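**Q** Supplied structure: target.tsv, TSV, C-alpha atoms.
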```tsv
chain	number	residue	atom	x	y	z
A	1	MET	CA	221.96	38.39	144.79
A	2	LYS	CA	218.79	36.87	146.18
A	3	PHE	CA	215.81	36.14	143.95
A	4	SER	CA	212.27	36.71	145.12
A	5	THR	CA	209.00	37.07	143.22
A	6	PHE	CA	206.06	39.48	143.20
A	7	HIS	CA	202.45	38.27	143.35
A	8	LEU	CA	199.59	40.67	142.67
A	9	PHE	CA	196.81	38.06	142.52
A	10	HIS	CA	195.28	39.99	139.63
A	11	ARG	CA	191.90	38.56	138.55
A	12	PHE	CA	191.46	38.51	134.79
A	13	PRO	CA	188.10	38.54	132.97
A	14	GLY	CA	186.41	35.16	133.23
A	15	GLN	CA	188.42	34.04	136.26
A	16	SER	CA	187.01	33.29	139.67
A	17	ALA	CA	188.82	34.38	142.82
A	18	LYS	CA	189.35	30.69	143.65
A	19	GLU	CA	191.09	30.13	140.32
A	20	VAL	CA	193.38	33.09	141.00
A	21	TYR	CA	194.37	31.68	144.39
A	22	ASP	CA	194.87	28.13	143.11
A	23	TYR	CA	197.15	29.38	140.33
A	24	GLN	CA	199.31	31.57	142.55
A	25	ILE	CA	199.65	28.96	145.31
A	26	GLU	CA	200.81	26.40	142.74
A	27	VAL	CA	203.40	28.91	141.49
A	28	VAL	CA	204.66	29.56	145.03
A	29	GLU	CA	205.14	25.86	145.68
A	30	LEU	CA	207.14	25.58	142.46
A	31	LEU	CA	209.30	28.55	143.50
A	32	GLU	CA	210.30	26.71	146.66
A	33	GLU	CA	211.17	23.62	144.62
A	34	LEU	CA	213.33	25.70	142.25
A	35	GLY	CA	215.34	27.38	145.00
A	36	PHE	CA	214.01	30.94	144.92
A	37	ASP	CA	214.63	32.89	148.10
A	38	GLY	CA	211.26	34.50	148.76
A	39	VAL	CA	207.87	35.74	147.64
A	40	TRP	CA	206.15	39.11	148.09
A	41	VAL	CA	202.35	39.48	148.07
A	42	ALA	CA	200.51	42.73	147.36
A	43	GLU	CA	197.54	44.11	149.30
A	44	HIS	CA	194.61	45.69	147.46
A	45	HIS	CA	190.93	46.30	148.09
A	46	PHE	CA	187.66	46.57	146.16
A	47	ARG	CA	189.08	45.81	142.68
A	48	ASP	CA	190.08	42.85	140.55
A	49	TYR	CA	193.47	44.55	140.28
A	50	GLY	CA	194.51	42.48	143.29
A	51	GLN	CA	192.54	39.89	145.22
A	52	VAL	CA	194.46	39.81	148.52
A	53	ASN	CA	192.89	42.08	151.12
A	54	ASN	CA	194.65	40.46	154.10
A	55	ILE	CA	198.22	39.48	153.32
A	56	PHE	CA	198.83	37.88	156.70
A	57	THR	CA	196.02	35.38	156.26
A	58	LEU	CA	197.52	34.35	152.94
A	59	LEU	CA	201.10	34.20	154.21
A	60	ALA	CA	200.01	32.02	157.14
A	61	HIS	CA	198.58	29.61	154.56
A	62	LEU	CA	201.78	29.74	152.49
A	63	ALA	CA	203.86	29.19	155.63
A	64	ALA	CA	202.18	25.81	156.02
A	65	ARG	CA	202.86	24.87	152.40
A	66	THR	CA	206.53	25.89	152.28
A	67	GLU	CA	209.61	25.43	154.42
A	68	LYS	CA	212.33	27.75	153.10
A	69	LEU	CA	210.84	30.68	151.19
A	70	ARG	CA	210.94	34.06	152.88
A	71	LEU	CA	207.37	35.38	153.08
A	72	GLY	CA	207.07	39.06	152.25
A	73	THR	CA	204.30	41.62	152.41
A	74	GLY	CA	204.65	43.65	149.27
A	75	ILE	CA	203.17	45.79	150.72
A	76	VAL	CA	200.92	46.30	153.74
A	77	VAL	CA	199.20	49.68	153.24
A	78	LEU	CA	199.67	50.84	156.82
A	79	PRO	CA	197.26	53.82	156.81
A	80	LEU	CA	194.38	51.42	156.13
A	81	HIS	CA	195.02	49.40	159.30
A	82	ASN	CA	195.15	49.61	163.06
A	83	PRO	CA	198.90	49.22	163.74
A	84	ILE	CA	198.24	47.03	166.78
A	85	HIS	CA	196.51	44.51	164.53
A	86	VAL	CA	199.38	44.67	162.02
A	87	ALA	CA	201.95	44.06	164.76
A	88	GLU	CA	199.94	41.12	166.12
A	89	GLU	CA	199.20	39.46	162.77
A	90	ALA	CA	202.76	39.90	161.52
A	91	ALA	CA	204.14	38.41	164.74
A	92	MET	CA	201.88	35.38	164.33
A	93	VAL	CA	203.04	34.80	160.75
A	94	ASP	CA	206.66	35.09	161.87
A	95	LEU	CA	205.95	32.48	164.54
A	96	LEU	CA	204.04	30.10	162.25
A	97	SER	CA	206.71	30.35	159.53
A	98	ASN	CA	209.58	29.82	161.99
A	99	GLY	CA	210.96	33.31	161.42
A	100	ARG	CA	210.50	33.76	157.68
A	101	LEU	CA	208.51	37.01	157.56
A	102	GLU	CA	209.69	40.10	155.68
A	103	LEU	CA	207.49	43.12	156.43
A	104	GLY	CA	207.19	45.38	153.41
A	105	VAL	CA	205.17	48.50	154.18
A	106	GLY	CA	204.00	51.60	152.35
A	107	ARG	CA	201.56	54.48	152.60
A	108	GLY	CA	199.51	53.40	149.59
A	109	TYR	CA	198.33	55.61	146.77
A	110	GLN	CA	195.00	54.41	145.37
A	111	SER	CA	192.24	56.92	145.99
A	112	VAL	CA	189.47	54.31	145.73
A	113	GLU	CA	190.92	52.36	148.65
A	114	PHE	CA	191.27	55.34	150.98
A	115	GLU	CA	187.89	56.80	150.15
A	116	SER	CA	186.17	53.45	150.57
A	117	PHE	CA	187.65	53.14	154.06
A	118	GLY	CA	186.57	56.71	154.83
A	119	LEU	CA	190.15	57.98	155.02
A	120	SER	CA	191.85	61.00	153.53
A	121	LEU	CA	194.72	60.24	151.18
A	122	SER	CA	196.36	63.52	152.23
A	123	GLU	CA	196.90	62.00	155.70
A	124	ALA	CA	198.64	58.92	154.33
A	125	ARG	CA	202.24	59.87	155.08
A	126	ASP	CA	201.56	61.03	158.65
A	127	ARG	CA	199.45	57.95	159.37
A	128	PHE	CA	202.15	55.72	157.89
A	129	ASP	CA	204.95	57.23	159.99
A	130	GLU	CA	202.91	56.96	163.17
A	131	ALA	CA	201.78	53.39	162.50
A	132	LEU	CA	205.30	52.19	161.69
A	133	SER	CA	206.72	53.69	164.88
A	134	MET	CA	204.00	52.03	166.92
A	135	ILE	CA	204.57	48.61	165.32
A	136	VAL	CA	208.31	48.70	166.10
A	137	GLU	CA	207.63	49.73	169.70
A	138	LEU	CA	205.10	46.92	170.13
A	139	TRP	CA	207.51	44.35	168.72
A	140	THR	CA	210.45	45.40	170.88
A	141	GLY	CA	208.95	46.84	174.07
A	142	GLU	CA	206.97	45.87	177.15
A	143	ASP	CA	203.99	47.76	178.57
A	144	VAL	CA	203.91	50.04	175.54
A	145	HIS	CA	201.68	53.08	175.90
A	146	PHE	CA	201.61	54.82	172.54
A	147	GLN	CA	199.53	57.89	171.83
A	148	GLY	CA	199.80	59.69	168.54
A	149	LYS	CA	197.52	61.87	166.46
A	150	TYR	CA	195.85	58.94	164.71
A	151	TYR	CA	196.67	55.81	166.70
A	152	GLY	CA	197.13	54.86	170.29
A	153	SER	CA	196.82	52.19	172.95
A	154	GLY	CA	194.26	52.99	175.63
A	155	ASN	CA	196.25	50.98	178.16
A	156	PRO	CA	199.88	49.94	178.34
A	157	VAL	CA	200.09	46.80	176.20
A	158	THR	CA	202.58	43.99	175.73
A	159	LEU	CA	202.31	42.13	172.46
A	160	GLN	CA	201.58	38.40	172.77
A	161	PRO	CA	203.18	36.58	171.03
A	162	LYS	CA	206.26	38.49	169.95
A	163	PRO	CA	207.97	37.74	166.61
A	164	ILE	CA	210.65	35.05	166.50
A	165	GLN	CA	213.16	37.19	164.62
A	166	ALA	CA	215.19	39.51	166.82
A	167	PRO	CA	214.91	42.34	167.37
A	168	HIS	CA	212.02	42.02	164.89
A	169	PRO	CA	211.33	40.89	161.30
A	170	PRO	CA	213.13	42.89	158.61
A	171	ILE	CA	211.19	46.00	157.57
A	172	HIS	CA	211.26	47.32	154.00
A	173	VAL	CA	209.68	50.61	152.94
A	174	ALA	CA	208.20	51.09	149.48
A	175	ALA	CA	209.93	54.14	148.03
A	176	VAL	CA	208.76	56.01	144.95
A	177	SER	CA	209.70	59.60	145.73
A	178	PRO	CA	213.30	60.70	146.50
A	179	ASP	CA	212.30	62.22	149.84
A	180	THR	CA	210.91	58.85	150.99
A	181	VAL	CA	214.29	57.26	150.26
A	182	GLU	CA	216.09	59.85	152.38
A	183	ILE	CA	213.63	59.76	155.28
A	184	TYR	CA	213.90	56.02	155.81
A	185	ALA	CA	217.58	55.70	154.96
A	186	ALA	CA	218.21	58.02	157.90
A	187	ARG	CA	216.40	55.46	160.07
A	188	GLY	CA	218.27	52.53	158.52
A	189	LEU	CA	215.16	51.04	156.92
A	190	PRO	CA	215.87	49.48	153.51
A	191	ILE	CA	213.75	50.36	150.49
A	192	LEU	CA	211.64	48.48	148.00
A	193	ALA	CA	212.55	50.41	144.85
A	194	ASP	CA	209.86	51.73	142.51
A	195	PRO	CA	209.04	49.00	139.94
A	196	ALA	CA	207.90	51.62	137.42
A	197	ALA	CA	211.09	53.70	137.56
A	198	PRO	CA	213.80	53.25	134.91
A	199	PHE	CA	217.19	51.82	135.79
A	200	ARG	CA	218.83	55.24	136.15
A	201	LYS	CA	216.29	56.27	138.80
A	202	ILE	CA	216.59	53.15	140.91
A	203	ALA	CA	220.37	53.52	140.67
A	204	LYS	CA	220.02	57.05	142.06
A	205	ALA	CA	217.67	55.79	144.78
A	206	ALA	CA	220.22	53.22	145.94
A	207	GLU	CA	223.02	55.81	145.88
A	208	THR	CA	220.89	58.23	147.90
A	209	TRP	CA	219.97	55.51	150.39
A	210	HIS	CA	223.57	54.45	151.03
A	211	THR	CA	224.83	58.05	151.21
A	212	THR	CA	222.10	59.14	153.61
A	213	ALA	CA	222.50	56.04	155.78
A	214	ALA	CA	226.24	56.65	156.04
A	215	ALA	CA	225.69	60.31	156.94
A	216	HIS	CA	223.47	59.21	159.82
A	217	HIS	CA	225.98	56.57	160.96
A	218	VAL	CA	223.59	53.72	160.21
A	219	ASP	CA	224.96	50.19	160.44
A	220	THR	CA	224.08	48.79	157.01
A	221	SER	CA	225.54	45.33	157.51
A	222	GLY	CA	222.99	42.74	156.57
A	223	VAL	CA	220.62	45.31	155.07
A	224	GLU	CA	218.92	44.26	151.83
A	225	LEU	CA	217.76	46.84	149.33
A	226	VAL	CA	215.13	45.26	147.06
A	227	ALA	CA	214.82	46.12	143.37
A	228	SER	CA	211.49	45.24	141.77
A	229	ARG	CA	211.57	44.59	138.02
A	230	ALA	CA	209.50	42.92	135.33
A	231	VAL	CA	211.60	39.88	134.40
A	232	TYR	CA	211.51	37.59	131.38
A	233	VAL	CA	214.16	35.29	129.93
A	234	ALA	CA	213.91	33.38	126.66
A	235	PRO	CA	216.36	31.12	124.84
A	236	THR	CA	217.21	33.87	122.32
A	237	ILE	CA	217.16	37.66	122.08
A	238	GLU	CA	214.84	37.42	119.10
A	239	GLN	CA	212.27	35.35	120.98
A	240	ALA	CA	212.43	37.64	124.03
A	241	ARG	CA	211.74	40.72	121.88
A	242	ALA	CA	208.92	39.01	120.01
A	243	ASP	CA	207.36	37.79	123.27
A	244	GLN	CA	207.63	41.27	124.80
A	245	ALA	CA	205.78	42.80	121.83
A	246	ARG	CA	203.10	40.12	122.10
A	247	PHE	CA	202.69	40.69	125.83
A	248	GLU	CA	202.27	44.43	125.38
A	249	ALA	CA	199.83	44.08	122.50
A	250	SER	CA	197.52	41.96	124.65
A	251	PHE	CA	197.82	44.09	127.80
A	252	ASP	CA	195.05	46.55	128.64
A	253	ARG	CA	196.97	49.11	130.71
A	254	SER	CA	193.80	51.03	131.53
A	255	ARG	CA	192.88	48.24	133.96
A	256	ILE	CA	195.79	49.41	136.13
A	257	PHE	CA	196.53	53.02	135.24
A	258	ASN	CA	193.29	54.95	135.71
A	259	GLN	CA	191.45	57.45	137.88
A	260	GLN	CA	190.86	54.87	140.63
A	261	SER	CA	194.59	54.16	140.90
A	262	ALA	CA	195.68	57.79	140.86
A	263	PRO	CA	196.48	59.52	144.19
A	264	ILE	CA	193.77	62.14	143.68
A	265	ASP	CA	191.99	63.95	146.52
A	266	SER	CA	188.34	63.76	145.47
A	267	LYS	CA	187.51	66.89	147.46
A	268	THR	CA	189.86	69.04	145.43
A	269	GLY	CA	190.32	67.02	142.25
A	270	GLU	CA	194.06	67.58	142.63
A	271	VAL	CA	196.94	65.29	143.53
A	272	ALA	CA	196.69	64.62	147.27
A	273	LYS	CA	199.08	66.25	149.70
A	274	GLY	CA	202.34	64.34	149.90
A	275	PHE	CA	201.94	62.76	146.47
A	276	GLU	CA	203.24	65.62	144.33
A	277	TYR	CA	206.01	63.43	142.95
A	278	TRP	CA	203.31	61.18	141.49
A	279	GLN	CA	201.76	64.02	139.44
A	280	ASP	CA	199.94	62.47	136.47
A	281	LYS	CA	201.84	59.20	136.82
A	282	TYR	CA	198.68	57.14	136.92
A	283	LEU	CA	196.63	59.40	134.67
A	284	LYS	CA	198.93	59.29	131.66
A	285	GLY	CA	198.18	55.61	131.23
A	286	GLY	CA	201.69	54.40	131.99
A	287	ASN	CA	202.38	54.09	128.29
A	288	VAL	CA	205.97	53.48	127.31
A	289	GLY	CA	207.33	52.03	124.09
A	290	ASN	CA	208.78	48.56	123.77
A	291	ASP	CA	212.27	49.98	123.08
A	292	PHE	CA	212.15	51.96	126.33
A	293	ARG	CA	211.01	48.90	128.22
A	294	TRP	CA	213.77	46.84	126.63
A	295	GLU	CA	216.59	49.27	127.35
A	296	GLN	CA	215.59	51.10	130.52
A	297	LEU	CA	212.89	49.30	132.46
A	298	GLU	CA	212.74	45.52	132.26
A	299	VAL	CA	215.16	42.69	132.96
A	300	ILE	CA	214.59	40.85	129.71
A	301	GLY	CA	216.44	38.95	127.01
A	302	ASP	CA	218.36	35.73	126.62
A	303	PRO	CA	220.23	34.31	129.65
A	304	GLU	CA	223.44	36.19	128.89
A	305	ARG	CA	221.68	39.55	128.65
A	306	VAL	CA	219.52	38.94	131.71
A	307	ILE	CA	222.54	37.92	133.80
A	308	SER	CA	224.37	41.12	132.79
A	309	GLN	CA	221.35	43.25	133.67
A	310	ILE	CA	221.04	41.63	137.09
A	311	GLN	CA	224.75	42.21	137.68
A	312	MET	CA	224.14	45.88	136.84
A	313	VAL	CA	221.33	46.06	139.42
A	314	GLN	CA	223.58	44.34	141.95
A	315	GLU	CA	226.33	46.89	141.34
A	316	MET	CA	223.83	49.68	142.02
A	317	GLY	CA	223.63	48.43	145.61
A	318	TYR	CA	220.67	46.04	145.55
A	319	SER	CA	220.98	42.52	146.94
A	320	ASN	CA	217.47	41.19	146.33
A	321	LEU	CA	215.73	41.16	142.95
A	322	MET	CA	211.94	41.01	143.25
A	323	CYS	CA	210.99	39.42	139.93
A	324	ASP	CA	207.61	40.13	138.39
A	325	PHE	CA	207.19	37.27	135.94
A	326	GLY	CA	203.81	38.46	134.73
A	327	SER	CA	201.55	39.69	137.51
A	328	THR	CA	199.35	41.60	135.07
A	329	ARG	CA	199.53	39.12	132.19
A	330	GLN	CA	197.29	36.09	131.92
A	331	VAL	CA	200.01	33.48	131.51
A	332	PRO	CA	198.84	29.83	131.27
A	333	ILE	CA	200.23	27.79	134.13
A	334	GLU	CA	202.27	25.54	131.83
A	335	ASP	CA	203.96	28.59	130.28
A	336	MET	CA	204.66	30.03	133.72
A	337	ARG	CA	206.22	26.76	134.85
A	338	LYS	CA	208.51	26.78	131.80
A	339	THR	CA	209.52	30.41	132.36
A	340	LEU	CA	210.36	29.85	136.03
A	341	ARG	CA	212.25	26.63	135.40
A	342	PHE	CA	214.27	28.22	132.59
A	343	PHE	CA	215.17	31.23	134.76
A	344	ALA	CA	216.17	29.00	137.67
A	345	ALA	CA	218.33	26.80	135.44
A	346	GLU	CA	219.94	29.41	133.20
A	347	VAL	CA	220.19	32.58	135.29
A	348	MET	CA	220.19	31.91	139.01
A	349	PRO	CA	223.31	29.67	139.04
A	350	ALA	CA	225.40	32.67	137.92
A	351	PHE	CA	224.73	34.26	141.33
A	352	ARG	CA	225.01	31.19	143.55
```
As a first step, turn the structure in this file into C-alpha cells.

**A**
Amino acid sequence: MKFSTFHLFHRFPGQSAKEVYDYQIEVVELLEELGFDGVWVAEHHFRDYGQVNNIFTLLAHLAARTEKLRLGTGIVVLPLHNPIHVAEEAAMVDLLSNGRLELGVGRGYQSVEFESFGLSLSEARDRFDEALSMIVELWTGEDVHFQGKYYGSGNPVTLQPKPIQAPHPPIHVAAVSPDTVEIYAARGLPILADPAAPFRKIAKAAETWHTTAAAHHVDTSGVELVASRAVYVAPTIEQARADQARFEASFDRSRIFNQQSAPIDSKTGEVAKGFEYWQDKYLKGGNVGNDFRWEQLEVIGDPERVISQIQMVQEMGYSNLMCDFGSTRQVPIEDMRKTLRFFAAEVMPAFR
C-alpha cells in the first residue's frame, strides 16, 4: 500500500491566501521527510473552498522543493480547460519533476465554476471524454490533428516537450457514479474512488473496475486504484473518538455542501444532465452521524484499528490510500506535524 495525501488549500476565515500556501507547502515538505509516497492537489475556482486555480503552477513549485514525492493533480477539471494547454503544462511538470507527475482528472461538478466560465454543466461528460482523448494523443503522437465537437487543433501539432514518463504519466479518473467506473475500466484507466462514499460502495467500485477491465482484456499490471479517505490516528480509541466529535462540532459543513457546490443546471433548476447519480448529494448538507463516520466512512482510531482498516481497503483492490488529514479543518501546524509524524511512525511501517 502506498500512502499519499490530499490538499484542498481551503482558506478559513481570517486567513490570507499566502498563509494557506505557506502552511500547505510546509506540510508537503514534511511529508517527503516522513516517507510518504505522494501528494494530490485539488483545483477550484472563485471560492475560498480551494485556493489553487492552476495545479500545474503549484506542482512545478513543489517539484523544486521535493525530490521523491509523486505529484498528483487531484483533480484537473478538464471541461474548464483547453486540452492542449493541459497536455503542455502537465508535460512540463513531468519534465521538471524528473517524471513524478500523476494526472488525476475529472469532469467537475460545481455549478458556480462552470457558469462563471460560461460553460454548461450538462456538457461536462462529453467535454471531458473529448479532452482526455486529445491529451493522450498529444502525449503519444506526432503531427496530431484532432477535431472534435468542442476541441481541436487548427493545424497538425507535435507537443514540445513531451513527458518523461513513457508512454505518458499515469492517468487517474475521479469516479463517483458506477457508470464512470465501468466506462474508464474498459479503457484501463484507474479510478480515484469517491471520498464521500462509504466503504461498501468503494469496495463495489473496485470490484466493478477489476471485473470490467478483465472483460475487456485490459492489462492491469502496475495499475493503481486510489482510495480517498479522511484519516486520523490517535494513541487510543477513546482519544480518536473524542477528537472526531470535536472536529465535527467545529465544522461548518454548509461552507462545502451548498447550492454553489451542487451540480445544478441554473437554466432548469434541476440536476444537470449526466449528474443524476448526484441527486441531492450536495443539497442535503452532507450530514452524517459520528457513528456512521466511525464505522463506514473514515479511517480512524488507534494504530491497531487504523492498520486493520487500511488492510481492508487494500483487500478491496486499492493500492494507494489518499489520506485527507484535515483539508476542511483548521488544524494548527504543530498539531498537524504531530498527526503526520504519529501516522508515519505507527501505521506506515506495517505496510513497508

**Q** What's the 12 Å shell around Leu119 (chain A), counting all atoms listed in the file, without same-chain residues fewer than 2 positions away, as a PDB file with C-alpha atoms, in the frame of the given file?

**A**
```
ATOM      1  CA  PRO A  79     197.260  53.820 156.810  1.00  0.00           C
ATOM      2  CA  LEU A  80     194.380  51.420 156.130  1.00  0.00           C
ATOM      3  CA  HIS A  81     195.020  49.400 159.300  1.00  0.00           C
ATOM      4  CA  GLY A 108     199.510  53.400 149.590  1.00  0.00           C
ATOM      5  CA  TYR A 109     198.330  55.610 146.770  1.00  0.00           C
ATOM      6  CA  GLN A 110     195.000  54.410 145.370  1.00  0.00           C
ATOM      7  CA  SER A 111     192.240  56.920 145.990  1.00  0.00           C
ATOM      8  CA  VAL A 112     189.470  54.310 145.730  1.00  0.00           C
ATOM      9  CA  GLU A 113     190.920  52.360 148.650  1.00  0.00           C
ATOM     10  CA  PHE A 114     191.270  55.340 150.980  1.00  0.00           C
ATOM     11  CA  GLU A 115     187.890  56.800 150.150  1.00  0.00           C
ATOM     12  CA  SER A 116     186.170  53.450 150.570  1.00  0.00           C
ATOM     13  CA  PHE A 117     187.650  53.140 154.060  1.00  0.00           C
ATOM     14  CA  LEU A 121     194.720  60.240 151.180  1.00  0.00           C
ATOM     15  CA  SER A 122     196.360  63.520 152.230  1.00  0.00           C
ATOM     16  CA  GLU A 123     196.900  62.000 155.700  1.00  0.00           C
ATOM     17  CA  ALA A 124     198.640  58.920 154.330  1.00  0.00           C
ATOM     18  CA  ARG A 127     199.450  57.950 159.370  1.00  0.00           C
ATOM     19  CA  TYR A 150     195.850  58.940 164.710  1.00  0.00           C
ATOM     20  CA  ASP A 265     191.990  63.950 146.520  1.00  0.00           C
ATOM     21  CA  SER A 266     188.340  63.760 145.470  1.00  0.00           C
ATOM     22  CA  LYS A 267     187.510  66.890 147.460  1.00  0.00           C
TER      23      LYS A 267
END
```

**Q** Which region 195-270 of chain A residues have any atom within 8 Å of an atom of region 305-316 of chain A, and for each, what is the nearest pair of atoms with distance in Å to one decimal, counting only C-alpha atoms, rows sorted by chain and number, as JSON lines?

**A**
```
{"residue": "A:Phe199", "atom": "CA", "partner": "A:Val313", "partner_atom": "CA", "distance": 8.0}
{"residue": "A:Ala203", "atom": "CA", "partner": "A:Met316", "partner_atom": "CA", "distance": 5.3}
{"residue": "A:Ala206", "atom": "CA", "partner": "A:Met316", "partner_atom": "CA", "distance": 6.4}
{"residue": "A:Glu207", "atom": "CA", "partner": "A:Met316", "partner_atom": "CA", "distance": 7.3}
{"residue": "A:Ala227", "atom": "CA", "partner": "A:Val313", "partner_atom": "CA", "distance": 7.6}
{"residue": "A:Val233", "atom": "CA", "partner": "A:Val306", "partner_atom": "CA", "distance": 6.7}
```

**Q** At what distance in Å, to one decimal, does CA of Thr339 (chain A) lie from CA of Pro13 (chain A)?

**A**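 Between these atoms lies a distance of 22.9 Å.
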
**Q** Please report the interatomic distance between CA of Glu334 (chain A) and CA of Arg70 (chain A) in Å with one decimal.

**A**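 Taking CA of Glu334 (chain A) and CA of Arg70 (chain A), their separation equals 24.3 Å.
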
**Q** What are the closest atom pairs, with distances in Å to one decimal, for each residue of region 86-161 of chain A lying within 12 Å of region 18-39 of chain A, using all atoms listed in the file, rows by chain and rising residue number, as CSV?

**A**
```
residue,atom,partner,partner_atom,distance
A:Arg100,CA,A:Gly38,CA,9.0
A:Leu101,CA,A:Gly38,CA,9.6
A:Glu102,CA,A:Gly38,CA,9.0
A:Leu103,CA,A:Val39,CA,11.5
A:Gly104,CA,A:Val39,CA,11.3
```

**Q** Using Å and a single decimal, report how far CA of Gln296 (chain A) sits from CA of Ala42 (chain A).

**A**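 Between CA of Ala42 (chain A) and CA of Gln296 (chain A) the gap is 24.1 Å.
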
**Q** Just the residues within 9 Å of Val223 (chain A), please, counting all atoms listed in the file, with nothing from its chain fewer than 4 positions along; format it as JSON, numbers by chain.

**A** {"A": [170, 188, 189, 190, 219, 319]}

**Q** Choose the residue, out of A:Ala175, A:Ala17, A:Ala215, A:Ala205, that has the smallest atom-to-atom separation from Gly50 (chain A); count only C-alpha atoms.

**A**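 Among the listed residues, the smallest separation from Gly50 (chain A) belongs to A:Ala17.
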
**Q** Got a sec: who's within 7 Å of Pro163 (chain A), counting all atoms listed in the file, leaving out chain neighbours fewer than 3 positions off, as number ranges by chain?

**A** A: 91-92, 94-95, 139, 168

**Q** Nearest to Glu295 (chain A): which of A:Met336, A:Arg200, A:Gly148, A:Pro349 is it, counting only C-alpha atoms?

**A**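 Of all the options, A:Arg200 lies closest to Glu295 (chain A).
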
**Q** Under the rule that only C-alpha atoms are counted, which of A:Ala186, A:Val41, A:Val173, A:Val144 is the nearest residue to Leu78 (chain A)?

**A** A:Val173

**Q** Find the spatial neighbours of Phe325 (chain A), counting only C-alpha atoms, within a cut-off of 10 Å - ignore same-chain residues fewer than 4 positions away - and output them as a VMD selection string.

**A** chain A and resid 5 to 7 229 to 233 329 331 336 339 to 340

**Q** For region 301-307 of chain A, supply all heavy atoms and report the output as a PDB file, keeping the file's coordinate frame.

**A**
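Written output follows (out-v2.pdb):
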```pdb
ATOM      1  N   GLY A 301     215.525  39.340 128.081  1.00  0.00           N
ATOM      2  CA  GLY A 301     216.440  38.950 127.010  1.00  0.00           C
ATOM      3  C   GLY A 301     216.758  37.470 127.089  1.00  0.00           C
ATOM      4  O   GLY A 301     216.018  36.682 127.676  1.00  0.00           O
ATOM      5  N   ASP A 302     217.877  37.096 126.486  1.00  0.00           N
ATOM      6  CA  ASP A 302     218.360  35.730 126.620  1.00  0.00           C
ATOM      7  C   ASP A 302     219.133  35.623 127.930  1.00  0.00           C
ATOM      8  O   ASP A 302     219.341  36.638 128.616  1.00  0.00           O
ATOM      9  CB  ASP A 302     219.203  35.334 125.406  1.00  0.00           C
ATOM     10  CG  ASP A 302     220.477  36.156 125.280  1.00  0.00           C
ATOM     11  OD1 ASP A 302     220.707  37.074 126.107  1.00  0.00           O
ATOM     12  OD2 ASP A 302     221.256  35.897 124.346  1.00  0.00           O
ATOM     13  N   PRO A 303     219.554  34.429 128.353  1.00  0.00           N
ATOM     14  CA  PRO A 303     220.230  34.310 129.650  1.00  0.00           C
ATOM     15  C   PRO A 303     221.436  35.224 129.808  1.00  0.00           C
ATOM     16  O   PRO A 303     221.613  35.823 130.882  1.00  0.00           O
ATOM     17  CB  PRO A 303     220.629  32.821 129.683  1.00  0.00           C
ATOM     18  CG  PRO A 303     219.568  32.135 128.880  1.00  0.00           C
ATOM     19  CD  PRO A 303     219.274  33.083 127.749  1.00  0.00           C
ATOM     20  N   GLU A 304     222.248  35.353 128.775  1.00  0.00           N
ATOM     21  CA  GLU A 304     223.440  36.190 128.890  1.00  0.00           C
ATOM     22  C   GLU A 304     223.071  37.647 129.180  1.00  0.00           C
ATOM     23  O   GLU A 304     223.669  38.299 130.049  1.00  0.00           O
ATOM     24  CB  GLU A 304     224.259  36.116 127.600  1.00  0.00           C
ATOM     25  CG  GLU A 304     225.548  36.923 127.651  1.00  0.00           C
ATOM     26  CD  GLU A 304     226.346  36.823 126.356  1.00  0.00           C
ATOM     27  OE1 GLU A 304     225.884  36.142 125.414  1.00  0.00           O
ATOM     28  OE2 GLU A 304     227.439  37.426 126.289  1.00  0.00           O
ATOM     29  N   ARG A 305     222.089  38.157 128.449  1.00  0.00           N
ATOM     30  CA  ARG A 305     221.680  39.550 128.650  1.00  0.00           C
ATOM     31  C   ARG A 305     221.039  39.751 130.017  1.00  0.00           C
ATOM     32  O   ARG A 305     221.316  40.748 130.713  1.00  0.00           O
ATOM     33  CB  ARG A 305     220.708  39.993 127.552  1.00  0.00           C
ATOM     34  CG  ARG A 305     220.332  41.477 127.604  1.00  0.00           C
ATOM     35  CD  ARG A 305     219.442  41.864 126.434  1.00  0.00           C
ATOM     36  NE  ARG A 305     219.391  43.304 126.274  1.00  0.00           N
ATOM     37  CZ  ARG A 305     218.478  44.112 126.854  1.00  0.00           C
ATOM     38  NH1 ARG A 305     217.552  43.576 127.640  1.00  0.00           N
ATOM     39  NH2 ARG A 305     218.503  45.406 126.660  1.00  0.00           N
ATOM     40  N   VAL A 306     220.191  38.828 130.421  1.00  0.00           N
ATOM     41  CA  VAL A 306     219.520  38.940 131.710  1.00  0.00           C
ATOM     42  C   VAL A 306     220.525  38.886 132.850  1.00  0.00           C
ATOM     43  O   VAL A 306     220.445  39.659 133.818  1.00  0.00           O
ATOM     44  CB  VAL A 306     218.443  37.845 131.848  1.00  0.00           C
ATOM     45  CG1 VAL A 306     217.949  37.732 133.287  1.00  0.00           C
ATOM     46  CG2 VAL A 306     217.269  38.145 130.920  1.00  0.00           C
ATOM     47  N   ILE A 307     221.503  38.008 132.763  1.00  0.00           N
ATOM     48  CA  ILE A 307     222.540  37.920 133.800  1.00  0.00           C
ATOM     49  C   ILE A 307     223.296  39.251 133.893  1.00  0.00           C
ATOM     50  O   ILE A 307     223.550  39.748 134.995  1.00  0.00           O
ATOM     51  CB  ILE A 307     223.507  36.754 133.497  1.00  0.00           C
ATOM     52  CG1 ILE A 307     222.801  35.424 133.766  1.00  0.00           C
ATOM     53  CG2 ILE A 307     224.769  36.869 134.352  1.00  0.00           C
ATOM     54  CD1 ILE A 307     223.566  34.207 133.271  1.00  0.00           C
TER      55      ILE A 307
END
```
